[in-house]
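Undergrad: Mind having a look at this structure? Questions to follow.
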Amino acid sequence: MAFSSGNSGGPMAEINVTPLVDVMLVLLIIFIITAPLMSHKVKIELPEANLVQEKDQEAPPVPPITISVKEDGSLFWNDEAISKEILESRLSSTAQLQPQPKLNLRGDKTTKMRTISEVTKIAQAQGMLDIGYVATKEKGQ
C-alpha cells in the first residue's frame with residue numbers, strides 16, 4: 001500500500017486537451033502556409049459592367065408554350081388539339097424565334113412516361129432548348 005496514490009479507481013474527470021492543441025496547431029500551420037497563396041500575384045484592373053438595360057433594348061416577354069398530353073396519347077398545343085406531325089412543324093418554326101419561348105409539358109397522372117419522353121425527344125430534335133415539366137404539389141407537403 002506504499003505506492004497507493006489515493007485514487008479510488010473511478011473514472012478520470014479531467015479533460016485531455018493535448019489532442020485539441022495538436023489539431024489547432026496543425027490548422028494554424030496550414031492557414032499560415034496557404035494564406036499567401038490566396039492573394040493574386042498579378043494585379044489587373046477589371047472593367048466595370050453596366051448591368052442596367054436600356055428601355056429600348058429590352059425585349060418583350062415571350063409567353064410560354066404549353067403542350068398537354070392525355071393518357072390516350074392525344075396532344076394539345078395551348079389547349080388546341082393537334083397531331084404529332086403538326087406538333088413537329090410548329091416546334092420547328094417556334095425554335096427559330098428569337099428569343100425562343102419556353103416549352104412546358106403537362107401530362108395526366110396516368111400518362112405513360114414513354115409518351116412524355118417521345119414528345120420531349122421530338123421537341124429537342126426540332127431545336128427547342130428550354131423544356132420544362134409541369135406538375136402539381138402533392139397534398140400533405
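Ligands are numbered from 1 in the order shown, residues from 1 within each chain, and chains are lettered A, B, ... in the order they appear in the C-alpha cells.
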Write out as a count of residues only the residues lying within 10 Å of Pro63 (chain A), counting only C-alpha atoms and excluding same-chain residues fewer than 3 positions away.
TA: 6
Undergrad: Taking the backbone alone, and naming residues the way the document does, which bits of chain A are strand (DSSP E) by DSSP, as a PyMOL selection string?
TA: chain A and resi 65-69+75-77+80-82+103-107+131-134
Undergrad: Mind writing the picked residues with all heavy atoms as a short mmCIF file (atom, residue, chain, number, x, y, z; two decimals), in the first residue's frame?
TA:
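Generated file (result16.cif):
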data_model
loop_
_atom_site.label_atom_id
_atom_site.label_comp_id
_atom_site.auth_asym_id
_atom_site.auth_seq_id
_atom_site.Cartn_x
_atom_site.Cartn_y
_atom_site.Cartn_z
N ILE A 65 -45.11 28.17 -74.25
CA ILE A 65 -45.98 27.27 -74.99
C ILE A 65 -46.26 26.07 -74.10
O ILE A 65 -45.34 25.51 -73.50
CB ILE A 65 -45.31 26.82 -76.30
CG1 ILE A 65 -45.06 28.02 -77.19
CG2 ILE A 65 -46.15 25.78 -77.00
CD1 ILE A 65 -44.13 27.74 -78.32
N THR A 66 -47.51 25.67 -74.00
CA THR A 66 -47.88 24.53 -73.17
C THR A 66 -48.36 23.40 -74.07
O THR A 66 -49.29 23.58 -74.86
CB THR A 66 -49.00 24.91 -72.18
OG1 THR A 66 -48.55 26.01 -71.39
CG2 THR A 66 -49.35 23.75 -71.29
N ILE A 67 -47.72 22.26 -73.95
CA ILE A 67 -48.15 21.06 -74.65
C ILE A 67 -48.69 20.09 -73.61
O ILE A 67 -47.99 19.72 -72.67
CB ILE A 67 -46.99 20.41 -75.44
CG1 ILE A 67 -46.50 21.36 -76.52
CG2 ILE A 67 -47.44 19.08 -76.04
CD1 ILE A 67 -45.33 20.84 -77.30
N SER A 68 -49.94 19.72 -73.77
CA SER A 68 -50.58 18.79 -72.85
C SER A 68 -50.70 17.42 -73.52
O SER A 68 -51.01 17.34 -74.70
CB SER A 68 -51.97 19.28 -72.47
OG SER A 68 -51.89 20.57 -71.90
N VAL A 69 -50.45 16.38 -72.74
CA VAL A 69 -50.52 15.01 -73.24
C VAL A 69 -51.50 14.24 -72.37
O VAL A 69 -51.32 14.16 -71.15
CB VAL A 69 -49.13 14.33 -73.21
CG1 VAL A 69 -49.21 12.94 -73.81
CG2 VAL A 69 -48.09 15.17 -73.92
N LEU A 75 -52.51 14.98 -78.14
CA LEU A 75 -51.67 16.14 -77.85
C LEU A 75 -52.48 17.43 -77.99
O LEU A 75 -53.36 17.53 -78.85
CB LEU A 75 -50.49 16.18 -78.83
CG LEU A 75 -49.57 14.97 -78.80
CD1 LEU A 75 -48.60 15.02 -79.97
CD2 LEU A 75 -48.82 14.92 -77.50
N PHE A 76 -52.13 18.42 -77.17
CA PHE A 76 -52.79 19.72 -77.20
C PHE A 76 -51.73 20.81 -77.15
O PHE A 76 -50.87 20.81 -76.27
CB PHE A 76 -53.75 19.87 -76.01
CG PHE A 76 -54.90 18.91 -76.06
CD1 PHE A 76 -54.80 17.65 -75.51
CD2 PHE A 76 -56.09 19.28 -76.67
CE1 PHE A 76 -55.86 16.77 -75.55
CE2 PHE A 76 -57.16 18.41 -76.71
CZ PHE A 76 -57.04 17.14 -76.15
N TRP A 77 -51.79 21.74 -78.10
CA TRP A 77 -50.89 22.90 -78.16
C TRP A 77 -51.68 24.08 -77.61
O TRP A 77 -52.59 24.58 -78.27
CB TRP A 77 -50.48 23.14 -79.60
CG TRP A 77 -49.58 24.30 -79.83
CD1 TRP A 77 -49.94 25.62 -79.82
CD2 TRP A 77 -48.19 24.27 -80.10
NE1 TRP A 77 -48.87 26.40 -80.08
CE2 TRP A 77 -47.77 25.60 -80.25
CE3 TRP A 77 -47.27 23.26 -80.24
CZ2 TRP A 77 -46.46 25.94 -80.54
CZ3 TRP A 77 -45.97 23.61 -80.52
CH2 TRP A 77 -45.57 24.93 -80.67
N GLU A 80 -55.30 23.42 -77.80
CA GLU A 80 -55.82 23.15 -79.14
C GLU A 80 -55.31 21.77 -79.56
O GLU A 80 -54.10 21.52 -79.56
CB GLU A 80 -55.31 24.22 -80.11
CG GLU A 80 -55.67 23.95 -81.55
CD GLU A 80 -54.95 24.90 -82.49
OE1 GLU A 80 -54.42 25.93 -82.06
OE2 GLU A 80 -54.89 24.55 -83.68
N ALA A 81 -56.24 20.87 -79.92
CA ALA A 81 -55.87 19.51 -80.29
C ALA A 81 -55.04 19.52 -81.57
O ALA A 81 -55.38 20.20 -82.54
CB ALA A 81 -57.12 18.65 -80.48
N ILE A 82 -53.90 18.77 -81.56
CA ILE A 82 -53.03 18.68 -82.73
C ILE A 82 -52.52 17.25 -82.86
O ILE A 82 -52.62 16.45 -81.94
CB ILE A 82 -51.83 19.66 -82.64
CG1 ILE A 82 -50.99 19.36 -81.39
CG2 ILE A 82 -52.27 21.09 -82.68
CD1 ILE A 82 -49.68 20.09 -81.36
N LEU A 103 -40.97 25.94 -73.31
CA LEU A 103 -41.91 24.87 -73.63
C LEU A 103 -42.25 24.13 -72.34
O LEU A 103 -41.37 23.60 -71.68
CB LEU A 103 -41.30 23.92 -74.65
CG LEU A 103 -42.17 22.74 -75.08
CD1 LEU A 103 -43.40 23.23 -75.81
CD2 LEU A 103 -41.38 21.81 -75.96
N ASN A 104 -43.53 24.13 -71.98
CA ASN A 104 -43.99 23.43 -70.77
C ASN A 104 -44.75 22.18 -71.19
O ASN A 104 -45.72 22.27 -71.95
CB ASN A 104 -44.89 24.33 -69.93
CG ASN A 104 -44.15 25.52 -69.36
OD1 ASN A 104 -42.96 25.44 -69.10
ND2 ASN A 104 -44.85 26.61 -69.18
N LEU A 105 -44.34 21.03 -70.70
CA LEU A 105 -45.02 19.76 -70.98
C LEU A 105 -45.86 19.37 -69.77
O LEU A 105 -45.36 19.32 -68.65
CB LEU A 105 -44.01 18.66 -71.28
CG LEU A 105 -43.25 18.77 -72.59
CD1 LEU A 105 -42.25 17.64 -72.71
CD2 LEU A 105 -44.18 18.77 -73.75
N ARG A 106 -47.13 19.09 -70.04
CA ARG A 106 -48.04 18.66 -68.98
C ARG A 106 -48.59 17.30 -69.36
O ARG A 106 -48.91 17.05 -70.52
CB ARG A 106 -49.21 19.64 -68.84
CG ARG A 106 -48.78 21.03 -68.44
CD ARG A 106 -49.95 21.98 -68.42
NE ARG A 106 -51.02 21.43 -67.62
CZ ARG A 106 -52.31 21.76 -67.79
NH1 ARG A 106 -52.65 22.61 -68.71
NH2 ARG A 106 -53.23 21.24 -67.02
N GLY A 107 -48.73 16.43 -68.38
CA GLY A 107 -49.28 15.11 -68.63
C GLY A 107 -50.24 14.71 -67.53
O GLY A 107 -50.12 15.16 -66.39
N ILE A 131 -37.04 23.26 -72.09
CA ILE A 131 -38.19 22.36 -71.95
C ILE A 131 -38.39 22.09 -70.47
O ILE A 131 -37.46 21.69 -69.76
CB ILE A 131 -37.96 21.04 -72.70
CG1 ILE A 131 -37.71 21.32 -74.18
CG2 ILE A 131 -39.15 20.11 -72.53
CD1 ILE A 131 -37.29 20.11 -74.98
N GLY A 132 -39.60 22.32 -69.98
CA GLY A 132 -39.91 22.09 -68.58
C GLY A 132 -41.11 21.17 -68.43
O GLY A 132 -41.91 21.00 -69.35
N TYR A 133 -41.22 20.56 -67.27
CA TYR A 133 -42.32 19.65 -66.97
C TYR A 133 -43.17 20.26 -65.88
O TYR A 133 -42.67 20.67 -64.84
CB TYR A 133 -41.78 18.27 -66.54
CG TYR A 133 -40.91 17.65 -67.61
CD1 TYR A 133 -39.53 17.79 -67.56
CD2 TYR A 133 -41.48 16.96 -68.65
CE1 TYR A 133 -38.74 17.24 -68.54
CE2 TYR A 133 -40.68 16.40 -69.64
CZ TYR A 133 -39.32 16.54 -69.58
OH TYR A 133 -38.53 16.01 -70.55
N VAL A 134 -44.48 20.29 -66.09
CA VAL A 134 -45.40 20.91 -65.14
C VAL A 134 -46.01 19.82 -64.28
O VAL A 134 -46.50 18.82 -64.78
CB VAL A 134 -46.50 21.70 -65.89
CG1 VAL A 134 -47.46 22.33 -64.90
CG2 VAL A 134 -45.88 22.75 -66.78
#
Undergrad: I need the residues of chain A that end up classed as helix (DSSP H, G or I) by DSSP on the backbone, written out as a PyMOL selection string.
TA: chain A and resi 18-38+55-57+84-95+113-126
Undergrad: May I ask which of the residues A:Gln124, A:Asp22, A:Lys109, A:Ile32 is the closest one to Glu138 (chain A), counting only C-alpha atoms?
TA: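 Among the listed residues, the smallest separation from Glu138 (chain A) belongs to A:Lys109.
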